[in-house]
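Asker: To be precise about what I am sending: the file is called final14.cif and holds mmCIF, C-alpha atoms and all ligand atoms.
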data_upload
loop_
_atom_site.label_atom_id
_atom_site.label_comp_id
_atom_site.auth_asym_id
_atom_site.auth_seq_id
_atom_site.Cartn_x
_atom_site.Cartn_y
_atom_site.Cartn_z
CA MET A 18 -7.81 5.12 25.88
CA TYR A 19 -8.16 5.77 22.20
CA SER A 20 -9.99 4.39 19.16
CA LEU A 21 -8.75 3.93 15.62
CA THR A 22 -10.58 4.59 12.34
CA LEU A 23 -9.10 3.52 9.03
CA HIS A 24 -10.25 5.10 5.76
CA HIS A 25 -9.43 2.48 3.15
CA HIS A 26 -10.64 0.24 0.34
CA PRO A 27 -10.66 -3.58 0.29
CA LEU A 28 -8.68 -3.83 -2.98
CA SER A 29 -6.17 -1.01 -2.42
CA VAL A 30 -2.64 -2.29 -1.93
CA CYS A 31 -1.67 0.63 0.35
CA SER A 32 -4.73 -0.13 2.50
CA MET A 33 -3.73 -3.80 2.72
CA LYS A 34 -0.36 -2.83 4.24
CA VAL A 35 -2.16 -0.97 7.01
CA ARG A 36 -4.84 -3.61 7.61
CA LEU A 37 -2.14 -6.28 7.90
CA ALA A 38 -0.18 -4.14 10.39
CA LEU A 39 -3.37 -3.66 12.46
CA GLU A 40 -4.15 -7.40 12.45
CA GLU A 41 -0.58 -8.42 13.29
CA LYS A 42 -0.52 -5.87 16.09
CA GLY A 43 -3.89 -7.21 17.25
CA LEU A 44 -5.66 -3.85 17.61
CA ASP A 45 -9.38 -3.10 17.27
CA TRP A 46 -10.24 -0.60 14.58
CA SER A 47 -13.26 0.86 12.80
CA SER A 48 -13.52 0.74 9.06
CA ASN A 49 -14.62 3.50 6.72
CA VAL A 50 -14.53 2.31 3.12
CA ILE A 51 -13.72 5.04 0.60
CA ASP A 52 -14.87 4.11 -2.90
CA ILE A 53 -11.83 4.89 -5.10
CA VAL A 54 -13.16 2.78 -7.99
CA GLY A 55 -16.69 4.04 -8.70
CA GLU A 56 -17.58 7.22 -6.81
CA GLN A 57 -14.00 8.51 -6.38
CA GLU A 58 -14.82 9.42 -2.78
CA GLN A 59 -11.14 10.07 -2.03
CA LEU A 60 -11.70 13.39 -3.83
CA GLU A 61 -14.60 14.57 -1.68
CA PRO A 62 -13.69 17.88 0.01
CA TRP A 63 -14.12 16.52 3.56
CA TYR A 64 -11.61 13.76 2.77
CA VAL A 65 -9.08 16.01 0.98
CA LYS A 66 -9.12 18.18 4.10
CA LEU A 67 -8.10 15.05 6.04
CA ASN A 68 -5.59 13.71 3.49
CA SER A 69 -4.29 16.58 1.36
CA ASN A 70 -3.19 14.20 -1.44
CA GLY A 71 -6.69 12.76 -1.84
CA VAL A 72 -5.48 9.17 -1.51
CA ILE A 73 -6.16 6.28 0.83
CA PRO A 74 -5.30 5.06 3.41
CA THR A 75 -5.71 7.53 6.27
CA LEU A 76 -5.68 6.52 9.93
CA GLU A 77 -7.40 8.57 12.61
CA LEU A 78 -6.60 8.06 16.26
CA HIS A 79 -9.28 9.55 18.49
CA SER A 80 -8.54 10.26 22.14
CA SER A 81 -8.92 13.63 23.86
CA GLU A 82 -7.68 14.98 20.51
CA THR A 83 -7.70 13.46 17.03
CA GLU A 84 -4.42 12.52 15.38
CA VAL A 85 -4.40 11.95 11.62
CA VAL A 86 -1.70 9.84 9.95
CA THR A 87 -1.38 9.52 6.17
CA ASN A 88 0.90 7.51 3.86
CA SER A 89 0.87 3.75 4.37
CA ALA A 90 4.57 3.45 5.34
CA SER A 91 4.16 6.17 8.00
CA ILE A 92 0.89 4.63 9.20
CA ILE A 93 2.35 1.15 9.69
CA ARG A 94 5.32 2.63 11.58
CA PHE A 95 2.86 4.58 13.74
CA ILE A 96 0.83 1.42 14.46
CA ALA A 97 3.97 -0.52 15.36
CA SER A 98 5.04 2.25 17.76
CA LEU A 99 1.83 1.99 19.85
CA SER A 100 2.52 0.44 23.23
CA GLU A 101 -0.36 -2.05 23.33
CA GLY A 102 -0.62 -5.18 21.23
CA ASN A 103 2.02 -7.48 19.78
CA ALA A 104 5.58 -6.27 19.21
CA LEU A 105 6.34 -5.73 15.52
CA LEU A 106 9.61 -3.88 16.04
CA PRO A 107 13.01 -5.48 16.68
CA ALA A 108 14.76 -4.92 19.97
CA ASN A 109 18.24 -4.05 18.75
CA ASN A 110 19.50 -1.12 16.75
CA ARG A 111 21.12 -3.13 13.95
CA ASP A 112 17.86 -4.95 13.17
CA PHE A 113 15.92 -1.69 13.46
CA LYS A 114 18.09 -0.16 10.73
CA LEU A 115 17.67 -3.24 8.55
CA MET A 116 13.90 -3.18 9.11
CA ASN A 117 13.74 0.45 8.00
CA LYS A 118 15.75 -0.33 4.88
CA LEU A 119 13.45 -3.25 4.03
CA ILE A 120 10.35 -1.07 4.57
CA ASP A 121 11.78 1.68 2.34
CA LEU A 122 12.64 -0.82 -0.42
CA ALA A 123 9.10 -2.27 -0.30
CA ASP A 124 7.52 1.19 -0.22
CA ASP A 125 9.56 2.24 -3.28
CA VAL A 126 8.15 -0.53 -5.49
CA ASP A 127 5.72 1.49 -7.63
CA LEU A 128 2.83 -0.97 -7.42
CA GLN A 129 0.32 1.67 -8.56
CA ILE A 130 1.84 2.12 -12.01
CA LEU A 131 2.58 -1.61 -12.37
CA SER A 132 -1.05 -2.34 -11.48
CA TYR A 133 -2.38 0.08 -14.09
CA ALA A 134 0.08 -1.28 -16.64
CA ARG A 135 -1.04 -4.87 -16.06
CA HIS A 136 -4.77 -4.35 -15.48
CA PRO A 137 -6.65 -6.97 -17.56
CA SER A 138 -8.85 -4.26 -19.06
CA MET A 139 -6.98 -1.17 -20.23
CA GLU A 140 -10.34 0.34 -21.16
CA LYS A 141 -11.96 -0.10 -17.75
CA SER A 142 -8.90 1.11 -15.84
CA GLU A 143 -8.60 4.11 -18.20
CA LYS A 144 -12.21 4.97 -17.34
CA ILE A 145 -11.32 5.05 -13.64
CA LEU A 146 -8.35 7.38 -14.25
CA ASP A 147 -10.46 9.62 -16.50
CA ALA A 148 -13.21 9.82 -13.88
CA ARG A 149 -10.59 10.95 -11.33
CA ILE A 150 -9.28 13.64 -13.67
CA ASP A 151 -12.79 14.94 -14.46
CA LYS A 152 -13.89 14.99 -10.82
CA SER A 153 -10.63 16.67 -9.68
CA LEU A 154 -10.87 19.41 -12.30
CA SER A 155 -14.51 20.06 -11.58
CA LEU A 156 -13.95 20.21 -7.79
CA ALA A 157 -10.94 22.50 -8.32
CA LYS A 158 -13.38 25.07 -9.74
CA GLN A 159 -15.95 24.60 -6.98
CA HIS A 160 -13.45 24.72 -4.09
CA PRO A 161 -10.82 27.42 -4.68
CA GLU A 162 -9.31 26.77 -1.23
CA LEU A 163 -8.47 23.19 -2.35
CA ARG A 164 -7.59 24.06 -5.96
CA SER A 165 -3.89 23.16 -5.74
CA ASN A 166 -4.75 19.81 -4.09
CA TYR A 167 -7.21 18.97 -6.86
CA LEU A 168 -4.83 20.00 -9.62
CA ALA A 169 -2.18 17.72 -8.09
CA CYS A 170 -4.75 14.86 -8.00
CA ALA A 171 -5.60 15.39 -11.68
CA ASP A 172 -1.90 15.51 -12.53
CA ARG A 173 -1.27 12.23 -10.67
CA SER A 174 -3.90 10.42 -12.74
CA GLU A 175 -2.62 12.02 -15.97
CA LYS A 176 0.86 10.72 -15.11
CA SER A 177 -0.53 7.25 -14.36
CA LYS A 178 -2.14 7.19 -17.81
CA LYS A 179 1.13 8.21 -19.46
CA PHE A 180 3.55 6.06 -17.48
CA ARG A 181 1.60 2.82 -17.60
CA VAL A 182 2.02 2.62 -21.37
CA ASN A 183 5.64 3.81 -21.34
CA THR A 184 7.59 0.57 -21.69
CA ASN A 185 10.89 2.13 -20.61
CA HIS A 186 9.30 3.53 -17.46
CA ILE A 187 7.79 0.14 -16.63
CA LYS A 188 11.12 -1.59 -17.32
CA ASP A 189 12.86 0.81 -14.89
CA ILE A 190 10.30 0.06 -12.17
CA GLU A 191 10.70 -3.69 -12.77
CA GLN A 192 14.50 -3.52 -12.67
CA SER A 193 14.44 -1.60 -9.43
CA ALA A 194 11.88 -4.06 -7.96
CA PHE A 195 14.09 -6.98 -9.03
CA LYS A 196 17.06 -5.45 -7.16
CA SER A 197 14.94 -5.00 -4.03
CA LEU A 198 13.66 -8.56 -4.26
CA SER A 199 17.28 -9.80 -4.59
CA PHE A 200 18.25 -7.91 -1.42
CA THR A 201 15.19 -9.27 0.40
CA GLU A 202 15.89 -12.83 -0.76
CA LYS A 203 19.36 -12.58 0.87
CA GLN A 204 17.81 -11.66 4.23
CA LEU A 205 15.90 -14.95 4.20
CA ASN A 206 19.06 -17.04 4.10
CA GLY A 207 18.78 -19.10 7.29
CA ASN A 208 15.79 -17.03 8.50
CA THR A 209 12.08 -17.87 8.72
CA PHE A 210 11.15 -14.19 8.46
CA LEU A 211 13.07 -11.13 7.30
CA LEU A 212 14.60 -10.26 10.66
CA GLY A 213 14.88 -13.80 12.02
CA ASP A 214 12.31 -16.06 13.67
CA THR A 215 9.69 -13.40 14.43
CA TYR A 216 7.27 -11.75 11.99
CA SER A 217 8.04 -8.00 12.04
CA LEU A 218 6.85 -4.80 10.38
CA ALA A 219 9.24 -5.51 7.49
CA ASP A 220 7.32 -8.75 6.88
CA VAL A 221 4.00 -6.88 6.96
CA ILE A 222 4.91 -4.64 4.04
CA TRP A 223 6.76 -7.34 2.05
CA THR A 224 3.84 -9.77 2.40
CA VAL A 225 1.57 -7.23 0.70
CA VAL A 226 4.12 -6.37 -2.00
CA LEU A 227 4.53 -10.07 -2.85
CA SER A 228 0.77 -10.56 -2.91
CA ARG A 229 0.32 -7.72 -5.39
CA LEU A 230 3.23 -8.93 -7.58
CA ASP A 231 1.48 -12.31 -7.55
CA LEU A 232 -1.77 -10.72 -8.79
CA LEU A 233 0.19 -8.84 -11.45
CA GLY A 234 1.53 -12.12 -12.82
CA TYR A 235 5.21 -11.85 -11.89
CA THR A 236 5.10 -15.62 -11.49
CA ASP A 237 8.79 -16.27 -11.88
CA TRP A 238 9.56 -13.90 -9.01
CA ILE A 239 6.85 -15.13 -6.65
CA ASN A 240 6.30 -18.79 -7.47
CA GLY A 241 9.27 -19.66 -9.59
CA ASN A 242 13.00 -20.13 -9.71
CA SER A 243 14.28 -16.55 -9.39
CA PHE A 244 13.74 -16.22 -5.65
CA PRO A 245 13.22 -19.65 -4.02
CA LEU A 246 13.47 -18.33 -0.46
CA LEU A 247 10.95 -15.55 -1.12
CA THR A 248 8.64 -18.09 -2.76
CA SER A 249 8.45 -20.30 0.35
CA TYR A 250 8.39 -17.22 2.62
CA TYR A 251 5.35 -15.93 0.71
CA GLN A 252 3.62 -19.28 1.32
CA ARG A 253 4.33 -18.98 5.06
CA ALA A 254 2.99 -15.41 5.09
CA GLN A 255 -0.22 -16.48 3.33
CA ASN A 256 -0.78 -19.20 5.92
CA ARG A 257 -0.93 -16.67 8.75
CA LYS A 258 -4.36 -15.81 10.14
CA SER A 259 -3.65 -12.13 9.60
CA PHE A 260 -3.42 -12.61 5.82
CA THR A 261 -7.09 -13.61 5.69
CA LEU A 262 -8.26 -11.20 8.40
CA ALA A 263 -6.61 -8.24 6.65
CA GLN A 264 -8.10 -9.24 3.27
CA VAL A 265 -4.77 -9.26 1.48
CA GLN A 266 -6.61 -10.91 -1.37
CA ASN A 267 -5.65 -11.10 -5.01
CA GLU A 268 -8.45 -9.56 -6.99
CA TRP A 269 -8.62 -7.00 -9.77
CA TRP A 270 -10.63 -3.86 -9.26
CA ASP A 271 -13.31 -3.14 -11.79
CA LYS A 272 -16.04 -0.62 -12.35
N1 LIG B 301 2.30 6.67 -0.97
C1 LIG B 301 0.90 6.58 -0.64
C2 LIG B 301 0.14 6.23 -1.90
C3 LIG B 301 -1.35 6.23 -1.69
C4 LIG B 301 -2.11 5.84 -2.96
O1 LIG B 301 -1.69 6.09 -4.08
N2 LIG B 301 -3.28 5.23 -2.72
C5 LIG B 301 -4.10 4.76 -3.80
C6 LIG B 301 -4.73 3.41 -3.45
S1 LIG B 301 -3.50 2.17 -3.15
C7 LIG B 301 -5.23 5.75 -4.04
O2 LIG B 301 -5.79 6.28 -3.09
N3 LIG B 301 -5.57 6.02 -5.31
C8 LIG B 301 -6.62 6.91 -5.66
C9 LIG B 301 -6.15 8.05 -6.52
O3 LIG B 301 -4.98 8.08 -6.93
O4 LIG B 301 -6.97 8.95 -6.78
C10 LIG B 301 0.69 5.54 0.45
O5 LIG B 301 1.46 4.58 0.50
O6 LIG B 301 -0.22 5.72 1.27
#
For the structure just supplied, provide its representation as structure tokens.
Ligand SMILES: N[C@@H](CCC(=O)N[C@@H](CS)C(=O)NCC(=O)O)C(=O)O

Answerer:
Amino acid sequence: MYSLTLHHHPLSVCSMKVRLALEEKGLDWSSNVIDIVGEQEQLEPWYVKLNSNGVIPTLELHSSETEVVTNSASIIRFIASLSEGNALLPANNRDFKLMNKLIDLADDVDLQILSYARHPSMEKSEKILDARIDKSLSLAKQHPELRSNYLACADRSEKSKKFRVNTNHIKDIEQSAFKSLSFTEKQLNGNTFLLGDTYSLADVIWTVVLSRLDLLGYTDWINGNSFPLLTSYYQRAQNRKSFTLAQVQNEWWDK
């Protein structure tokens, strides 16, 4: 027997992917909320020792030993691979390959930068990034053994500040997302879900990506004419119990 603990935040898109995978799989899990908006708890030394990038989510599986899994795409694959609960993986090899491609495409959509670029208050979101830089640099001095981790954290937030106002960078992300959405739309031709009639791990990650694009105001992609099959698919995904249970809500983070 084992137990699962998820370190996450209600409004983090990467955390939503994992919560939705857990709900669709039907597993019990304990929640530890990490405040990435106000206190920047993802930078606390105990957490950086668990997740060397100082980001959420992190999943811990406790049995006779503790297993730690980081990175949302790896975590959802790990959850799907567990023997108990509902099957989220396809049975045949061809669909397995397609599922992996769909997961990679969804994972590559840079929702972090798009979210910072489209945050309703540039001032408030800038404050959050600045607080992360300040805390990382100060902890880098206090904890020499974690210095390189903290410098990488500070650099990540510096890059977010730069890229979110770089219109060419944002355009590149949007073009690449559009291509991925076009590929995904094709998979829905004649299918209820991405791999056929059954909701799979590919649907878990795409549901969350669509929900975030919805929040970001990409209305024509999500509720418009560009991708009619994805639009009705997104409605179906929102009607699932798991969507509510996993709190895949559309809400801006604030401070
Ligand atoms: N590729 C990672 C990205 C993780 C990530 O950037 N998480 C965000 C929340 S969605 C975070 O922890 N941000 C806090 C920070 O950058 O300091 C994943 O998918 O898990």

Asker: Pick out the residues no farther than 6 Å from ligand LIG 301 (chain B), counting all atoms listed in the file, and list them as a PyMOL selection string.

Answerer: chain A and resi 29-31+53+72-74+88-90

Asker: From the list A:Ser100, A:Gln204, A:Ser132, A:Thr87, which residue is nearest Asn267 (chain A) when using only C-alpha atoms?

Answerer: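 Selected residue with least distance to Asn267 (chain A): A:Ser132.
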
Asker: One decimal, in Å: what's the spacing between CA of Ile239 (chain A) and CA of Tyr251 (chain A)?

Answerer: 7.6 Å

Asker: Using Å and a single decimal, report how far CA of Ser153 (chain A) sits from CA of Lys176 (chain A).

Answerer: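 Distance between the two atoms: 14.0 Å.
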
Asker: What is the distance, in Å and to one decimal place, between CA of Leu205 (chain A) and CA of Ile93 (chain A)?

Answerer: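 One can read the CA of Leu205 (chain A) to CA of Ile93 (chain A) distance as 21.7 Å.
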
Asker: List as a ChimeraX atom specification the protein and nucleic acid residues near Asn70 (chain A), meaning an atom at most 12 Å away when all atoms listed in the file are counted, but skip any in the same chain fewer than 5 places from it.

Answerer: /A:59-62,64-65,75,87-88,153,163-174

Asker: Please determine, counting only C-alpha atoms, which residue among A:Glu40, A:Asp112, A:Asp45, A:Glu56 has the shortest atom-to-atom distance to Ala148 (chain A).

Answerer: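 That would be A:Glu56, the residue with the smallest distance to Ala148 (chain A).
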
Asker: Nearest to Gly102 (chain A) among A:Arg229, A:Lys152, A:His136, A:Lys42, with distances taken over all atoms listed in the file: which residue is it?

Answerer: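 Nearest candidate to Gly102 (chain A) out of A:Arg229, A:Lys152, A:His136, A:Lys42: A:Lys42.
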
Asker: Could you pull the residues within 10 Å of Leu106 (chain A), counting all atoms listed in the file, minus those fewer than 3 positions along the same chain, as a VMD selection string?

Answerer: chain A and resid 94 97 to 98 103 109 112 to 113 116 212 215 to 219

Asker: What does the file look like for those residues with C-alpha atoms, as a compact mmCIF listing (two decimals), keeping the file's coordinate frame?

Answerer:
# COMPACT_ATOMS: atom_id res chain seq x y z
CA ARG A 94 5.32 2.63 11.58
CA ALA A 97 3.97 -0.52 15.36
CA SER A 98 5.04 2.25 17.76
CA ASN A 103 2.02 -7.48 19.78
CA ASN A 109 18.24 -4.05 18.75
CA ASP A 112 17.86 -4.95 13.17
CA PHE A 113 15.92 -1.69 13.46
CA MET A 116 13.90 -3.18 9.11
CA LEU A 212 14.60 -10.26 10.66
CA THR A 215 9.69 -13.40 14.43
CA TYR A 216 7.27 -11.75 11.99
CA SER A 217 8.04 -8.00 12.04
CA LEU A 218 6.85 -4.80 10.38
CA ALA A 219 9.24 -5.51 7.49

Asker: For a cutoff of 8 Å around the file-coordinate point (-1.0, -1.5, -22.5), which residues qualify once you count all atoms listed in the file? I'd like the result as number ranges by chain.

Answerer: A: 134-135, 139, 181-182

Asker: Nearest to Ser259 (chain A) among A:Glu140, A:Asp220, A:Asp52, A:Glu58, with distances taken over only C-alpha atoms: which residue is it?

Answerer: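 When distances to Ser259 (chain A) are compared using only C-alpha atoms, the smallest one comes from A:Asp220.
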
Asker: Ranking A:Glu202, A:Leu76, A:Asp147, A:Leu230 by minimum distance to Gln129 (chain A) and counting all atoms listed in the file, which one comes first?

Answerer: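 Selected residue with least distance to Gln129 (chain A): A:Leu230.
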
Asker: For Ala263 (chain A), which residue out of A:Thr224, A:Asn183, A:Asn117, A:Thr22 is the nearest one, using all atoms listed in the file?

Answerer: A:Thr224

Asker: So that I can see what lies close to Asp124 (chain A), please list as a list of chain:residue names the residues with an atom at most 9 Å from it, counting all atoms listed in the file and leaving out residues fewer than 4 positions away in the same chain.

Answerer: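 The contact residues come out as A:Ser89, A:Ala90, A:Leu119, A:Ile120, A:Leu128, A:Ile222, A:Trp223, A:Val226.
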
Asker: What lies within 9 Å of Asn49 (chain A) using only C-alpha atoms, ignoring chain neighbours under 6 positions off, as an mmCIF file with C-alpha atoms, keeping the file's coordinate frame?

Answerer:
data_model
loop_
_atom_site.group_PDB
_atom_site.id
_atom_site.type_symbol
_atom_site.label_atom_id
_atom_site.label_comp_id
_atom_site.auth_asym_id
_atom_site.auth_seq_id
_atom_site.Cartn_x
_atom_site.Cartn_y
_atom_site.Cartn_z
ATOM 1 C CA THR A 22 -10.580 4.590 12.340
ATOM 2 C CA LEU A 23 -9.100 3.520 9.030
ATOM 3 C CA HIS A 24 -10.250 5.100 5.760
ATOM 4 C CA HIS A 25 -9.430 2.480 3.150
ATOM 5 C CA HIS A 26 -10.640 0.240 0.340
#

Asker: Will you model N, CA and C atoms for region 185-217 of chain A and pass it back as a PDB file, in the coordinates of the input?

Answerer:
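Output file result.pdb is given in full below:
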ATOM      1  N   ASN A 185       9.606   1.887 -21.301  1.00  0.00           N
ATOM      2  CA  ASN A 185      10.890   2.130 -20.610  1.00  0.00           C
ATOM      3  C   ASN A 185      10.675   2.437 -19.136  1.00  0.00           C
ATOM      4  N   HIS A 186       9.630   3.202 -18.857  1.00  0.00           N
ATOM      5  CA  HIS A 186       9.300   3.530 -17.460  1.00  0.00           C
ATOM      6  C   HIS A 186       8.976   2.247 -16.689  1.00  0.00           C
ATOM      7  N   ILE A 187       8.181   1.391 -17.299  1.00  0.00           N
ATOM      8  CA  ILE A 187       7.790   0.140 -16.630  1.00  0.00           C
ATOM      9  C   ILE A 187       9.025  -0.740 -16.419  1.00  0.00           C
ATOM     10  N   LYS A 188       9.895  -0.790 -17.441  1.00  0.00           N
ATOM     11  CA  LYS A 188      11.120  -1.590 -17.320  1.00  0.00           C
ATOM     12  C   LYS A 188      11.970  -1.098 -16.143  1.00  0.00           C
ATOM     13  N   ASP A 189      12.066   0.239 -16.007  1.00  0.00           N
ATOM     14  CA  ASP A 189      12.860   0.810 -14.890  1.00  0.00           C
ATOM     15  C   ASP A 189      12.277   0.378 -13.538  1.00  0.00           C
ATOM     16  N   ILE A 190      10.942   0.453 -13.434  1.00  0.00           N
ATOM     17  CA  ILE A 190      10.300   0.060 -12.170  1.00  0.00           C
ATOM     18  C   ILE A 190      10.583  -1.426 -11.895  1.00  0.00           C
ATOM     19  N   GLU A 191      10.484  -2.244 -12.940  1.00  0.00           N
ATOM     20  CA  GLU A 191      10.700  -3.690 -12.770  1.00  0.00           C
ATOM     21  C   GLU A 191      12.148  -3.998 -12.386  1.00  0.00           C
ATOM     22  N   GLN A 192      13.090  -3.274 -13.011  1.00  0.00           N
ATOM     23  CA  GLN A 192      14.500  -3.520 -12.670  1.00  0.00           C
ATOM     24  C   GLN A 192      14.785  -3.156 -11.222  1.00  0.00           C
ATOM     25  N   SER A 193      14.223  -2.035 -10.808  1.00  0.00           N
ATOM     26  CA  SER A 193      14.440  -1.600  -9.430  1.00  0.00           C
ATOM     27  C   SER A 193      13.768  -2.574  -8.454  1.00  0.00           C
ATOM     28  N   ALA A 194      12.567  -3.073  -8.815  1.00  0.00           N
ATOM     29  CA  ALA A 194      11.880  -4.060  -7.960  1.00  0.00           C
ATOM     30  C   ALA A 194      12.707  -5.342  -7.881  1.00  0.00           C
ATOM     31  N   PHE A 195      13.284  -5.755  -9.000  1.00  0.00           N
ATOM     32  CA  PHE A 195      14.090  -6.980  -9.030  1.00  0.00           C
ATOM     33  C   PHE A 195      15.279  -6.866  -8.061  1.00  0.00           C
ATOM     34  N   LYS A 196      15.912  -5.685  -8.080  1.00  0.00           N
ATOM     35  CA  LYS A 196      17.060  -5.450  -7.160  1.00  0.00           C
ATOM     36  C   LYS A 196      16.617  -5.563  -5.712  1.00  0.00           C
ATOM     37  N   SER A 197      15.457  -4.960  -5.404  1.00  0.00           N
ATOM     38  CA  SER A 197      14.940  -5.000  -4.030  1.00  0.00           C
ATOM     39  C   SER A 197      14.581  -6.416  -3.618  1.00  0.00           C
ATOM     40  N   LEU A 198      13.999  -7.167  -4.557  1.00  0.00           N
ATOM     41  CA  LEU A 198      13.660  -8.560  -4.260  1.00  0.00           C
ATOM     42  C   LEU A 198      14.942  -9.365  -4.011  1.00  0.00           C
ATOM     43  N   SER A 199      15.999  -9.083  -4.770  1.00  0.00           N
ATOM     44  CA  SER A 199      17.280  -9.800  -4.590  1.00  0.00           C
ATOM     45  C   SER A 199      17.834  -9.534  -3.191  1.00  0.00           C
ATOM     46  N   PHE A 200      17.770  -8.270  -2.764  1.00  0.00           N
ATOM     47  CA  PHE A 200      18.250  -7.910  -1.420  1.00  0.00           C
ATOM     48  C   PHE A 200      17.428  -8.645  -0.358  1.00  0.00           C
ATOM     49  N   THR A 201      16.104  -8.656  -0.574  1.00  0.00           N
ATOM     50  CA  THR A 201      15.190  -9.270   0.400  1.00  0.00           C
ATOM     51  C   THR A 201      15.403 -10.779   0.458  1.00  0.00           C
ATOM     52  N   GLU A 202      15.625 -11.376  -0.709  1.00  0.00           N
ATOM     53  CA  GLU A 202      15.890 -12.830  -0.760  1.00  0.00           C
ATOM     54  C   GLU A 202      17.099 -13.160   0.136  1.00  0.00           C
ATOM     55  N   LYS A 203      18.135 -12.318   0.066  1.00  0.00           N
ATOM     56  CA  LYS A 203      19.360 -12.580   0.870  1.00  0.00           C
ATOM     57  C   LYS A 203      19.061 -12.591   2.367  1.00  0.00           C
ATOM     58  N   GLN A 204      18.124 -11.731   2.789  1.00  0.00           N
ATOM     59  CA  GLN A 204      17.810 -11.660   4.230  1.00  0.00           C
ATOM     60  C   GLN A 204      17.170 -12.947   4.728  1.00  0.00           C
ATOM     61  N   LEU A 205      16.621 -13.736   3.780  1.00  0.00           N
ATOM     62  CA  LEU A 205      15.900 -14.950   4.200  1.00  0.00           C
ATOM     63  C   LEU A 205      16.819 -16.156   4.320  1.00  0.00           C
ATOM     64  N   ASN A 206      18.105 -15.937   3.988  1.00  0.00           N
ATOM     65  CA  ASN A 206      19.060 -17.040   4.100  1.00  0.00           C
ATOM     66  C   ASN A 206      19.209 -17.461   5.559  1.00  0.00           C
ATOM     67  N   GLY A 207      18.680 -18.618   5.905  1.00  0.00           N
ATOM     68  CA  GLY A 207      18.780 -19.100   7.290  1.00  0.00           C
ATOM     69  C   GLY A 207      17.730 -18.510   8.219  1.00  0.00           C
ATOM     70  N   ASN A 208      16.824 -17.680   7.675  1.00  0.00           N
ATOM     71  CA  ASN A 208      15.790 -17.030   8.500  1.00  0.00           C
ATOM     72  C   ASN A 208      14.378 -17.462   8.079  1.00  0.00           C
ATOM     73  N   THR A 209      13.479 -17.582   9.039  1.00  0.00           N
ATOM     74  CA  THR A 209      12.080 -17.870   8.720  1.00  0.00           C
ATOM     75  C   THR A 209      11.410 -16.590   8.190  1.00  0.00           C
ATOM     76  N   PHE A 210      11.694 -15.482   8.872  1.00  0.00           N
ATOM     77  CA  PHE A 210      11.150 -14.190   8.460  1.00  0.00           C
ATOM     78  C   PHE A 210      12.309 -13.226   8.213  1.00  0.00           C
ATOM     79  N   LEU A 211      11.988 -12.006   7.791  1.00  0.00           N
ATOM     80  CA  LEU A 211      13.070 -11.130   7.300  1.00  0.00           C
ATOM     81  C   LEU A 211      14.081 -10.725   8.366  1.00  0.00           C
ATOM     82  N   LEU A 212      13.639 -10.646   9.622  1.00  0.00           N
ATOM     83  CA  LEU A 212      14.600 -10.260  10.660  1.00  0.00           C
ATOM     84  C   LEU A 212      14.938 -11.431  11.573  1.00  0.00           C
ATOM     85  N   GLY A 213      14.566 -12.641  11.180  1.00  0.00           N
ATOM     86  CA  GLY A 213      14.880 -13.800  12.020  1.00  0.00           C
ATOM     87  C   GLY A 213      13.673 -14.703  12.170  1.00  0.00           C
ATOM     88  N   ASP A 214      13.398 -15.094  13.436  1.00  0.00           N
ATOM     89  CA  ASP A 214      12.310 -16.060  13.670  1.00  0.00           C
ATOM     90  C   ASP A 214      10.950 -15.394  13.852  1.00  0.00           C
ATOM     91  N   THR A 215      10.949 -14.076  14.076  1.00  0.00           N
ATOM     92  CA  THR A 215       9.690 -13.400  14.430  1.00  0.00           C
ATOM     93  C   THR A 215       9.213 -12.515  13.287  1.00  0.00           C
ATOM     94  N   TYR A 216       7.905 -12.575  13.033  1.00  0.00           N
ATOM     95  CA  TYR A 216       7.270 -11.750  11.990  1.00  0.00           C
ATOM     96  C   TYR A 216       7.282 -10.290  12.445  1.00  0.00           C
ATOM     97  N   SER A 217       7.885  -9.408  11.635  1.00  0.00           N
ATOM     98  CA  SER A 217       8.040  -8.000  12.040  1.00  0.00           C
ATOM     99  C   SER A 217       7.322  -7.081  11.036  1.00  0.00           C
TER     100      SER A 217
END
